[in-house]
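Peer 1: File data.cif follows (mmCIF, C-alpha atoms and all ligand atoms):
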data_entry
loop_
_atom_site.label_atom_id
_atom_site.label_comp_id
_atom_site.auth_asym_id
_atom_site.auth_seq_id
_atom_site.Cartn_x
_atom_site.Cartn_y
_atom_site.Cartn_z
CA MET A 1 0.00 0.00 0.00
CA ARG A 2 1.31 3.47 -0.88
CA VAL A 3 1.26 5.77 2.14
CA LEU A 4 1.95 9.48 1.60
CA SER A 5 2.16 12.51 3.83
CA GLY A 6 3.65 15.99 3.79
CA ILE A 7 4.87 18.38 6.44
CA GLN A 8 5.27 22.12 6.02
CA PRO A 9 8.70 23.54 6.82
CA SER A 10 7.31 26.38 8.85
CA GLY A 11 9.34 26.17 12.04
CA ARG A 12 11.13 23.69 14.26
CA LEU A 13 9.04 20.62 15.03
CA HIS A 14 7.50 20.38 18.47
CA ILE A 15 6.39 17.53 20.67
CA GLY A 16 2.76 18.07 19.56
CA ASN A 17 3.84 17.33 15.97
CA PHE A 18 5.78 14.29 17.14
CA PHE A 19 3.18 12.61 19.34
CA GLY A 20 0.28 13.87 17.23
CA ALA A 21 1.47 12.78 13.79
CA MET A 22 5.11 11.95 13.18
CA ARG A 23 5.40 9.00 15.54
CA ARG A 24 2.63 7.16 13.69
CA GLN A 25 3.98 8.15 10.28
CA LEU A 26 7.34 6.70 11.23
CA GLN A 27 5.75 3.47 12.49
CA LEU A 28 3.94 2.99 9.17
CA GLN A 29 7.31 2.62 7.45
CA ALA A 30 7.65 -0.92 8.78
CA GLU A 31 4.54 -2.15 6.96
CA HIS A 32 4.10 0.08 3.92
CA ASP A 33 5.65 1.79 0.95
CA CYS A 34 5.93 5.30 2.40
CA PHE A 35 6.36 8.57 0.52
CA TYR A 36 7.01 11.55 2.83
CA PHE A 37 7.89 15.03 1.69
CA ILE A 38 8.62 18.54 2.88
CA ALA A 39 5.83 20.78 1.61
CA ASP A 40 7.83 23.87 0.70
CA TYR A 41 5.44 25.08 -2.02
CA HIS A 42 2.65 25.03 0.55
CA ALA A 43 4.76 26.97 3.03
CA LEU A 44 5.06 29.83 0.53
CA THR A 45 1.35 30.59 1.01
CA SER A 46 2.30 32.38 4.23
CA ASN A 47 5.07 34.38 2.49
CA PRO A 48 8.07 33.43 4.66
CA ASP A 49 11.23 35.53 4.49
CA PRO A 50 13.23 34.08 1.56
CA ALA A 51 16.34 34.19 3.72
CA ASP A 52 14.77 31.62 6.08
CA VAL A 53 13.29 29.17 3.60
CA ALA A 54 16.31 26.97 2.85
CA GLN A 55 17.25 26.62 6.52
CA ARG A 56 13.74 25.65 7.54
CA ILE A 57 13.64 22.94 4.90
CA ILE A 58 16.92 21.47 6.01
CA ASP A 59 15.89 21.67 9.68
CA VAL A 60 12.73 19.67 9.06
CA ALA A 61 14.65 17.16 6.97
CA ILE A 62 17.19 16.64 9.75
CA ASP A 63 14.46 16.40 12.39
CA TYR A 64 12.65 13.67 10.46
CA MET A 65 15.80 11.75 9.69
CA ALA A 66 16.98 11.97 13.30
CA LEU A 67 13.63 10.68 14.54
CA GLY A 68 13.84 7.52 12.47
CA LEU A 69 12.94 8.14 8.86
CA ASP A 70 14.25 5.11 7.00
CA THR A 71 15.99 6.73 4.06
CA GLU A 72 16.62 3.44 2.24
CA LYS A 73 13.03 2.34 2.23
CA THR A 74 10.98 5.51 2.47
CA VAL A 75 11.03 8.03 -0.35
CA PHE A 76 11.77 11.43 1.24
CA TRP A 77 12.04 14.63 -0.78
CA ARG A 78 11.41 18.32 -1.09
CA GLN A 79 8.07 19.03 -2.79
CA SER A 80 9.52 21.71 -5.09
CA ASP A 81 12.07 19.23 -6.47
CA VAL A 82 9.16 17.50 -8.21
CA PRO A 83 7.61 20.45 -10.09
CA GLN A 84 5.32 18.10 -12.04
CA VAL A 85 3.01 18.44 -9.06
CA THR A 86 2.28 22.06 -9.99
CA GLU A 87 1.27 21.08 -13.51
CA LEU A 88 -1.11 18.46 -12.17
CA THR A 89 -2.44 21.14 -9.80
CA TRP A 90 -3.50 23.14 -12.84
CA LEU A 91 -5.23 20.20 -14.48
CA LEU A 92 -7.05 19.50 -11.23
CA SER A 93 -7.93 23.17 -10.73
CA CYS A 94 -9.92 23.02 -13.93
CA VAL A 95 -12.29 20.41 -12.46
CA THR A 96 -12.45 21.96 -8.96
CA PRO A 97 -15.53 24.04 -8.15
CA VAL A 98 -14.71 27.31 -6.42
CA GLY A 99 -17.45 26.52 -3.89
CA LEU A 100 -15.57 23.42 -2.75
CA LEU A 101 -12.56 25.53 -1.81
CA GLN A 102 -14.70 28.25 -0.25
CA ARG A 103 -16.01 25.69 2.21
CA CYS A 104 -12.55 24.70 3.47
CA THR A 105 -12.39 25.49 7.16
CA SER A 106 -8.63 25.91 7.39
CA TYR A 107 -8.88 28.64 4.74
CA LYS A 108 -11.86 30.25 6.45
CA ASP A 109 -10.11 30.14 9.83
CA LYS A 110 -7.04 31.89 8.48
CA VAL A 111 -9.15 34.59 6.90
CA ALA A 112 -11.15 34.95 10.13
CA GLN A 113 -7.86 35.42 12.01
CA GLY A 114 -7.21 38.46 9.87
CA MET A 115 -4.89 36.94 7.27
CA SER A 116 -5.31 38.63 3.90
CA PRO A 117 -5.56 35.58 1.66
CA ASN A 118 -3.53 35.16 -1.50
CA HIS A 119 -4.62 32.88 -4.32
CA GLY A 120 -2.08 30.25 -3.21
CA LEU A 121 -3.77 29.95 0.15
CA PHE A 122 -7.15 29.56 -1.51
CA ALA A 123 -5.79 26.93 -3.92
CA TYR A 124 -3.79 25.16 -1.17
CA PRO A 125 -6.11 22.11 -1.09
CA VAL A 126 -5.75 21.62 -4.87
CA LEU A 127 -1.96 21.51 -4.57
CA GLN A 128 -2.38 19.08 -1.68
CA ALA A 129 -4.68 16.94 -3.86
CA ALA A 130 -2.04 16.94 -6.61
CA ASP A 131 0.61 15.85 -4.04
CA ILE A 132 -1.52 12.90 -3.09
CA LEU A 133 -2.84 11.93 -6.50
CA ILE A 134 0.36 12.20 -8.51
CA PHE A 135 1.92 9.43 -6.42
CA ASN A 136 -1.11 7.09 -6.61
CA SER A 137 -1.39 7.20 -2.83
CA ASN A 138 -3.75 4.80 -1.10
CA LEU A 139 -3.50 6.07 2.43
CA VAL A 140 -2.75 9.54 3.79
CA PRO A 141 -1.87 9.62 7.50
CA VAL A 142 -2.60 13.08 8.90
CA GLY A 143 -3.92 14.74 12.02
CA ALA A 144 -7.65 15.34 12.34
CA ASP A 145 -7.14 18.96 11.24
CA GLN A 146 -6.37 17.72 7.70
CA LYS A 147 -9.42 15.48 7.31
CA GLN A 148 -11.30 17.97 5.17
CA HIS A 149 -8.36 18.38 2.79
CA ILE A 150 -8.32 14.64 2.16
CA GLU A 151 -12.06 14.68 1.52
CA VAL A 152 -11.51 17.49 -0.99
CA THR A 153 -8.78 15.37 -2.63
CA ARG A 154 -11.17 12.46 -3.00
CA ASP A 155 -13.83 14.74 -4.42
CA ILE A 156 -11.41 16.22 -6.98
CA ALA A 157 -10.11 12.76 -7.98
CA ILE A 158 -13.65 11.48 -8.52
CA ARG A 159 -14.56 14.53 -10.61
CA PHE A 160 -11.44 14.14 -12.74
CA ASN A 161 -12.10 10.43 -13.26
CA ASN A 162 -15.76 11.09 -14.11
CA ASN A 163 -14.70 13.56 -16.77
CA TYR A 164 -11.70 11.78 -18.21
CA GLY A 165 -11.75 8.09 -17.22
CA GLU A 166 -10.20 6.13 -14.38
CA ILE A 167 -6.81 7.85 -14.27
CA LEU A 168 -6.40 8.78 -10.61
CA THR A 169 -6.34 6.55 -7.52
CA VAL A 170 -8.93 7.74 -5.01
CA PRO A 171 -7.13 7.74 -1.62
CA LYS A 172 -8.39 7.08 1.89
CA GLU A 173 -7.52 9.19 4.84
CA HIS A 174 -5.94 7.66 7.89
CA ILE A 175 -6.69 9.98 10.74
CA ILE A 176 -3.95 9.43 13.22
CA GLU A 177 -5.43 8.57 16.54
CA SER A 178 -3.16 10.84 18.45
CA VAL A 179 -2.96 10.74 22.18
CA ALA A 180 -5.62 13.45 21.98
CA VAL A 181 -4.40 16.97 21.43
CA VAL A 182 -1.03 17.63 23.03
CA PRO A 183 -1.40 20.70 25.26
CA GLY A 184 1.13 23.51 25.11
CA LEU A 185 2.71 25.39 28.03
CA ASP A 186 -0.40 27.55 28.46
CA GLY A 187 -2.85 24.64 28.21
CA ARG A 188 -4.09 25.50 24.72
CA LYS A 189 -3.28 23.13 21.85
CA MET A 190 0.47 23.11 21.39
CA SER A 191 1.04 25.08 18.19
CA LYS A 192 3.78 27.24 16.81
CA SER A 193 1.19 29.92 16.12
CA TYR A 194 0.48 30.18 19.86
CA GLY A 195 4.15 30.34 20.88
CA ASN A 196 3.49 27.68 23.52
CA THR A 197 5.61 24.85 22.18
CA ILE A 198 8.38 22.64 23.44
CA GLU A 199 10.54 21.93 20.40
CA ILE A 200 11.75 18.37 20.11
CA PHE A 201 15.35 19.40 19.79
CA GLU A 202 15.71 22.60 21.75
CA PRO A 203 18.51 22.58 24.36
CA GLU A 204 17.76 20.32 27.31
CA SER A 205 18.08 23.21 29.76
CA SER A 206 15.40 25.08 27.88
CA VAL A 207 13.09 22.03 27.77
CA LYS A 208 13.40 21.88 31.54
CA LYS A 209 12.76 25.59 32.03
CA LYS A 210 9.68 25.47 29.83
CA ILE A 211 8.25 22.43 31.60
CA MET A 212 8.65 24.18 34.96
CA ARG A 213 6.57 27.04 33.48
CA ILE A 214 3.60 24.89 32.40
CA VAL A 215 0.36 26.43 33.61
CA THR A 216 -1.36 24.50 36.43
CA ASP A 217 -4.22 25.42 38.75
CA SER A 218 -3.73 26.73 42.26
CA THR A 219 -4.83 23.67 44.24
CA PRO A 220 -2.69 23.63 47.44
CA VAL A 221 -0.06 20.88 47.77
CA GLU A 222 -2.00 18.93 50.40
CA ASP A 223 -5.27 18.74 48.43
CA PRO A 224 -6.26 15.99 45.97
CA LYS A 225 -5.89 16.92 42.30
CA ASP A 226 -7.62 15.76 39.16
CA PRO A 227 -4.98 14.32 36.79
CA ASP A 228 -7.36 14.52 33.84
CA LYS A 229 -7.50 18.29 34.16
CA CYS A 230 -3.75 18.78 34.43
CA ASN A 231 -1.48 19.78 31.53
CA VAL A 232 1.54 18.25 33.24
CA PHE A 233 -0.22 14.90 33.57
CA ALA A 234 -1.32 15.03 29.92
CA LEU A 235 2.34 15.28 28.92
CA LEU A 236 3.42 12.62 31.44
CA LYS A 237 1.06 10.24 29.65
CA LEU A 238 3.21 10.55 26.55
CA VAL A 239 6.50 9.59 28.10
CA ALA A 240 5.95 7.70 31.38
CA SER A 241 5.60 3.91 31.57
CA ASP A 242 2.16 2.59 32.50
CA ASP A 243 3.37 1.65 35.98
CA GLU A 244 4.85 5.02 36.65
CA LEU A 245 1.80 6.78 35.27
CA GLY A 246 -0.37 4.77 37.67
CA GLU A 247 1.78 5.95 40.56
CA TRP A 248 1.44 9.59 39.52
CA GLU A 249 -2.28 9.18 39.17
CA SER A 250 -2.53 8.00 42.79
CA LYS A 251 -0.28 10.81 43.96
CA TYR A 252 -2.55 13.33 42.26
CA ARG A 253 -5.71 11.84 43.69
CA ASN A 254 -4.36 11.33 47.22
CA GLY A 255 -3.10 14.88 47.69
CA GLY A 256 0.19 15.81 49.33
CA MET A 257 1.93 16.25 45.98
CA GLY A 258 2.88 19.59 44.45
CA TYR A 259 2.83 20.19 40.71
CA GLY A 260 6.53 21.11 40.86
CA GLU A 261 7.35 17.50 41.72
CA ALA A 262 5.46 16.17 38.71
CA LYS A 263 7.05 18.80 36.46
CA LYS A 264 10.57 17.83 37.53
CA ARG A 265 9.93 14.21 36.69
CA LEU A 266 8.25 15.14 33.42
CA ALA A 267 11.34 17.12 32.39
CA GLU A 268 13.60 14.14 33.13
CA LEU A 269 11.41 11.74 31.19
CA MET A 270 10.97 14.07 28.24
CA ILE A 271 14.70 14.70 27.98
CA ASP A 272 15.47 10.96 28.24
CA TYR A 273 12.85 10.11 25.63
CA PHE A 274 14.49 12.23 22.95
CA LYS A 275 18.13 11.74 23.98
CA PRO A 276 19.06 9.09 21.38
CA TYR A 277 17.37 11.12 18.65
CA ARG A 278 19.22 14.22 19.79
CA GLU A 279 22.53 12.44 19.28
CA LYS A 280 21.49 11.34 15.83
CA ARG A 281 20.44 14.89 15.03
CA ALA A 282 23.82 16.29 16.04
CA GLU A 283 25.48 13.75 13.76
CA LEU A 284 23.30 14.74 10.80
CA GLU A 285 23.83 18.42 11.46
CA GLY A 286 27.51 17.81 10.95
CA ASN A 287 26.80 16.12 7.63
CA ILE A 288 24.45 18.35 5.68
CA ASP A 289 25.84 17.06 2.39
CA TYR A 290 24.49 13.64 3.26
CA VAL A 291 21.05 15.10 4.10
CA ASN A 292 21.00 16.88 0.75
CA GLU A 293 21.97 13.67 -1.02
CA VAL A 294 19.09 11.84 0.62
CA LEU A 295 16.66 14.53 -0.51
CA ALA A 296 18.06 14.53 -4.05
CA ASP A 297 17.80 10.76 -4.28
CA GLY A 298 14.25 10.91 -2.89
CA ALA A 299 13.31 13.53 -5.49
CA LYS A 300 14.61 11.28 -8.24
CA ARG A 301 12.54 8.34 -7.02
CA ALA A 302 9.47 10.54 -6.55
CA ARG A 303 9.82 12.15 -10.00
CA ALA A 304 9.86 8.75 -11.67
CA VAL A 305 6.33 8.12 -10.36
CA ALA A 306 5.11 11.69 -10.87
CA VAL A 307 6.03 11.94 -14.55
CA GLU A 308 4.01 8.81 -15.30
CA THR A 309 0.82 10.00 -13.63
CA LEU A 310 1.20 13.44 -15.16
CA ALA A 311 1.64 11.96 -18.65
CA LYS A 312 -1.57 9.96 -18.22
CA ALA A 313 -3.46 13.00 -16.94
CA ARG A 314 -2.20 15.23 -19.80
CA GLN A 315 -3.20 12.59 -22.31
CA ALA A 316 -6.61 12.23 -20.70
CA VAL A 317 -7.45 15.95 -20.89
CA GLY A 318 -6.34 16.10 -24.51
CA LEU A 319 -2.90 17.70 -24.21
CA GLY A 320 -1.01 14.60 -25.24
CA ALA A 321 1.72 13.01 -23.13
P1 LIG B 401 1.22 23.91 14.24
O1 LIG B 401 -0.14 23.89 14.89
O2 LIG B 401 2.32 24.05 15.24
O3 LIG B 401 1.31 24.92 13.10
P2 LIG B 401 1.06 21.96 12.15
O4 LIG B 401 -0.33 22.38 11.81
O5 LIG B 401 2.18 22.27 11.19
O6 LIG B 401 1.43 22.50 13.61
O7 LIG B 401 1.07 20.40 12.48
C1 LIG B 401 1.48 19.36 11.65
C2 LIG B 401 0.78 18.11 12.16
O8 LIG B 401 1.15 17.86 13.55
C3 LIG B 401 -0.74 18.28 12.15
O9 LIG B 401 -1.32 17.63 11.06
C4 LIG B 401 -1.21 17.66 13.44
O10 LIG B 401 -1.67 16.37 13.21
C5 LIG B 401 0.01 17.50 14.32
N1 LIG B 401 -0.10 18.37 15.50
C6 LIG B 401 0.28 19.66 15.60
N2 LIG B 401 0.08 20.14 16.85
C7 LIG B 401 -0.48 19.14 17.56
C8 LIG B 401 -0.93 19.01 18.91
N3 LIG B 401 -0.82 20.01 19.78
N4 LIG B 401 -1.45 17.83 19.30
C9 LIG B 401 -1.55 16.79 18.43
N5 LIG B 401 -1.15 16.84 17.15
C10 LIG B 401 -0.61 18.00 16.70
N1 LIG B 402 -1.47 20.52 4.64
C1 LIG B 402 -0.66 19.60 5.40
C2 LIG B 402 -0.43 20.17 6.82
O1 LIG B 402 -0.40 21.37 7.00
C3 LIG B 402 0.69 19.38 4.72
C4 LIG B 402 0.53 18.69 3.41
C5 LIG B 402 0.77 19.21 2.17
C6 LIG B 402 0.09 17.34 3.22
N2 LIG B 402 0.52 18.28 1.22
C7 LIG B 402 0.11 17.13 1.81
C8 LIG B 402 -0.31 16.33 4.08
C9 LIG B 402 -0.28 15.91 1.25
C10 LIG B 402 -0.70 15.12 3.52
C11 LIG B 402 -0.68 14.91 2.13
O2 LIG B 402 -0.25 19.40 7.75
#
Give the structure from this file in structure tokens form.

Peer 2:
Amino acid sequence: MRVLSGIQPSGRLHIGNFFGAMRRQLQLQAEHDCFYFIADYHALTSNPDPADVAQRIIDVAIDYMALGLDTEKTVFWRQSDVPQVTELTWLLSCVTPVGLLQRCTSYKDKVAQGMSPNHGLFAYPVLQAADILIFNSNLVPVGADQKQHIEVTRDIAIRFNNNYGEILTVPKEHIIESVAVVPGLDGRKMSKSYGNTIEIFEPESSVKKKIMRIVTDSTPVEDPKDPDKCNVFALLKLVASDDELGEWESKYRNGGMGYGEAKKRLAELMIDYFKPYREKRAELEGNIDYVNEVLADGAKRARAVAVETLAKARQAVGLGA
């Protein structure tokens, strides 16, 4: 089965990204033919400073590789190294009703937040559909926030096939059952747009400082506490063993425990969890040429598939191969 997913290079990856999506994507490599890419064309919709773009791409590549991307088996590339995807985007655009895009909630949310939308942002789901369809993907593992974009992809693929014959594979979404939403330092969803993240690879001292700052309620030390309402406990769930988690749960419920104690242990566990990956990351950072080679090789493998689908689609619409 062909599994495909993309990640935007819009900032250093945080533990919400890891436990919410990446961990599952990396697990899928063992069973499936995975295609993962860095969605740099998509990132341009928010007009990043050109001086930052290249570094962000390489940072995300290193993060993924350090966390266990299997570069032999999995095809891993930079979206813009396979420009065929933009040509397919155009062919798909011509069967995509404007109303379908106007209903997209991620677009509407960004506009509601005051963003002045460019055409790229409006057409974002069509580019995403092209990403998925050009590689004949069967399964697209994403967080729940992307569900609508996969539905739009299916809709576009069906419309194209209805017009031109069975050219495109209609994919299924695989909504990653994350450990619920990972809370950030302030208790809202961890997100780079809220500035409440713990980055996977920020210095250990800073991970610790941030964890000690996590917002908790003001229940006195001696009183019982509800673990299910605590941001620290929500993060402990991600990294503590079942036995240890059970012990913390009792400590919360029995009272006599301060949040500081739980935070200290959380910091230790979080730092230990990512330690081996951190070492791998440092190694890769010292070998950027290798990272670039991996991406170039991935682009070559990805292009081989993309040119075939594009040729079929061009033929189907009457442009010839
Ligand atoms: P951000 O909100 O920081 O901009 P993205 O939207 O780029 O993050 O997230 C990429 C993927 O990581 C999403 O599809 C989502 O599944 C996952 N993700 C991000 N933040 C969280 C979170 N706090 N909890 C669970 N999953 C998350
Ligand atoms: N829109 C996705 C996100 O923000 C990133 C993405 C781009 C993607 N193209 C994709 C995800 C294709 C899955 C498949 O998370």

Peer 1: Show which residues sit within 9 Å of range 152-163 of chain A, as a ChimeraX atom specification. Count all atoms listed in the file, and ignore same-chain residues fewer than 3 positions away.

Peer 2: /A:91-93,95-97,100-101,104,125-126,128-130,132-133,147-149,166-172,317

Peer 1: Between CA of Ser193 in chain A and CA of Glu261 in chain A, measure the distance and give it in Å to one decimal.

Peer 2: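 CA of Ser193 in chain A sits 29.1 Å away from CA of Glu261 in chain A.
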
Peer 1: Atom O4 of ligand LIG 401 (chain B) and CA of Asp242 in chain A, how far apart in Å?

Peer 2: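 About the pair CA of Asp242 in chain A and atom O4 of ligand LIG 401 (chain B): they are 28.7 Å apart.
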
Peer 1: With all atoms listed in the file as the atoms that count, which of A:Gly6, A:Gly298, A:Gly246, A:Gly255 lies nearest to ligand LIG 402 (chain B)?

Peer 2: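 Once distances to ligand LIG 402 (chain B) are computed over all atoms listed in the file, the minimum belongs to A:Gly6.
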
Peer 1: Counting all atoms listed in the file, give me one row per residue of chain A with an atom at most 7 Å from an atom of ligand LIG 402 (chain B), showing the shortest contact pair and its distance in Å to one decimal, sorted by chain then residue number, as a Markdown table.

Peer 2:
| residue | atom | partner | partner_atom | distance |
| --- | --- | --- | --- | --- |
| A:Leu4 | CA | B:LIG402 | C11 | 6.1 |
| A:Ser5 | CA | B:LIG402 | C10 | 3.9 |
| A:Gly6 | CA | B:LIG402 | C6 | 3.8 |
| A:Ile7 | CA | B:LIG402 | C3 | 4.6 |
| A:Gln8 | CA | B:LIG402 | C3 | 5.5 |
| A:Ala39 | CA | B:LIG402 | C5 | 5.3 |
| A:His42 | CA | B:LIG402 | C5 | 6.3 |
| A:Gln128 | CA | B:LIG402 | N2 | 4.2 |
| A:Ala129 | CA | B:LIG402 | C9 | 6.8 |
| A:Asp131 | CA | B:LIG402 | C9 | 5.4 |
| A:Ile132 | CA | B:LIG402 | C9 | 5.4 |
| A:Val140 | CA | B:LIG402 | C10 | 6.0 |
| A:Pro141 | CA | B:LIG402 | C10 | 6.9 |
| A:Val142 | CA | B:LIG402 | C10 | 6.1 |
| A:Gln146 | CA | B:LIG402 | O2 | 6.3 |

Peer 1: To one decimal place, how far is CA of Glu151 in chain A from atom C6 of ligand LIG 401 (chain B) in Å?

Peer 2: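 Atom-to-atom, CA of Glu151 in chain A to atom C6 of ligand LIG 401 (chain B), that is 19.4 Å.
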